[in-house]
Amino acid sequence: MTAQTTRREMQRMATELEIKSVARQQLAQDGVQEVTLRGIARDMGMTAPALYRYFPSLDDLVASMCEDFFEEISEALSAAVVAAGDDGGRAMHAAIRTFRAWAVGHRNEFALMFRHGAENPGEASSTARFAAVFFDLYLRLWGTQPFEVPELTATSAATCGTIRDFVEESFDLVAAGDHAPPPAALFVFTRTWVRLYGVIGMEVSGQLAFMFDDVTPYFESELEDAATALGIPYVPSDAPA
């Protein structure tokens, strides 16, 4: 590789980063509907055809931005888990609160990345690390403090099979060995995640504003219920470390 090639590649990377930075500013200020390649090119003093050399389409740009967003939130979650120390319960509380804080603080980024993931389910790489942070926490909790699983109904038992198939395809249960959670525990994990994520998603989209001026107390009540279901003590947000 020549020095000229290296400089050219560095310049290209710098331009791509600038394009995504401008796009994120537009996204944060005006929403995804206002993000266009033509608008980004205008703000950068480029022509639209010149920008197409870096991102052939808006979908390509969005996919790259979503990768960045998932990396950003995954790093924040991992840092929160490390800061929580060896207590898996505290780590779970720290991770879900960090996720909520990031989502509320980056509403348009959140809406874009999870909508893009829903529309492109085959693009698992962008969400894998994010999902693994929470699933690894669940495995950690189950391995150190298994909780009593509920008796399954016929409906929930059928659901468990689907959940188990998804988990086996998406995560490494072999490493858990004898501590791998049974289907009923995976059902509990899924239910707690869906409830907490549901509150966060509705808060970010403004769907709880008609009921709550401050969603925090309601979110904390859901988190307390989740902790109970997982067999761990609820840790108030103002509890000493």
# chains A, B, ... in the order shown; residues from 1 in each chain; ligands from 1
$ residues_around --residues "region 142-150 of chain A" --least-positions-apart "3" --cutoff "7 Å" --atoms "only C-alpha atoms" --output "list in words"
Tyr138, Leu139, His179, Pro181, Ala184, Ala185, Leu230 and Gly231 of chain A
$ residues_around --residues "Gly45 (chain A)" --least-positions-apart "4" --cutoff "12 Å" --atoms "only C-alpha atoms" --output "PDB file with N, CA and C atoms, in the first residue's frame"
ATOM      1  N   GLU A  18     -17.758  12.893   8.187  1.00  0.00           N
ATOM      2  CA  GLU A  18     -18.390  14.209   8.127  1.00  0.00           C
ATOM      3  C   GLU A  18     -19.815  14.094   7.593  1.00  0.00           C
ATOM      4  N   ILE A  19     -19.999  13.274   6.581  1.00  0.00           N
ATOM      5  CA  ILE A  19     -21.343  13.074   6.019  1.00  0.00           C
ATOM      6  C   ILE A  19     -22.277  12.542   7.100  1.00  0.00           C
ATOM      7  N   VAL A  22     -23.118  15.276   9.719  1.00  0.00           N
ATOM      8  CA  VAL A  22     -24.118  16.231   9.231  1.00  0.00           C
ATOM      9  C   VAL A  22     -25.493  15.573   9.203  1.00  0.00           C
ATOM     10  N   ARG A  38     -29.429  14.968  -0.731  1.00  0.00           N
ATOM     11  CA  ARG A  38     -29.315  16.286  -1.340  1.00  0.00           C
ATOM     12  C   ARG A  38     -29.141  17.365  -0.272  1.00  0.00           C
ATOM     13  N   GLY A  39     -29.888  17.258   0.828  1.00  0.00           N
ATOM     14  CA  GLY A  39     -29.756  18.232   1.898  1.00  0.00           C
ATOM     15  C   GLY A  39     -28.405  18.159   2.582  1.00  0.00           C
ATOM     16  N   ILE A  40     -27.904  16.944   2.773  1.00  0.00           N
ATOM     17  CA  ILE A  40     -26.580  16.782   3.386  1.00  0.00           C
ATOM     18  C   ILE A  40     -25.508  17.380   2.483  1.00  0.00           C
ATOM     19  N   ALA A  41     -25.606  17.095   1.181  1.00  0.00           N
ATOM     20  CA  ALA A  41     -24.634  17.639   0.231  1.00  0.00           C
ATOM     21  C   ALA A  41     -24.667  19.168   0.250  1.00  0.00           C
ATOM     22  N   ALA A  50     -21.464  14.017  -6.072  1.00  0.00           N
ATOM     23  CA  ALA A  50     -20.205  13.779  -5.364  1.00  0.00           C
ATOM     24  C   ALA A  50     -20.445  12.964  -4.097  1.00  0.00           C
ATOM     25  N   LEU A  51     -21.544  13.226  -3.416  1.00  0.00           N
ATOM     26  CA  LEU A  51     -21.857  12.494  -2.192  1.00  0.00           C
ATOM     27  C   LEU A  51     -22.183  11.031  -2.485  1.00  0.00           C
TER      28      LEU A  51
END
$ closest_atom_pairs --of "region 95-118 of chain A" --to "region 23-29 of chain A" --cutoff "10 Å" --atoms "only C-alpha atoms" --output "tab-separated table"
residue	atom	partner	partner_atom	distance
A:Gly105	CA	A:Ala28	CA	9.9
A:His106	CA	A:Ala28	CA	7.3
A:Arg107	CA	A:Ala28	CA	7.7
A:Asn108	CA	A:Ala28	CA	5.7
A:Glu109	CA	A:Ala28	CA	7.0
A:Leu112	CA	A:Leu27	CA	8.9
$ select_by_dssp --residues "region 43-201 of chain A" --states "alpha helix (DSSP H)" --output "PyMOL selection string"
chain A and resi 43-44+48-52+58-84+88-105+107-119+125-144+154-170+183-201
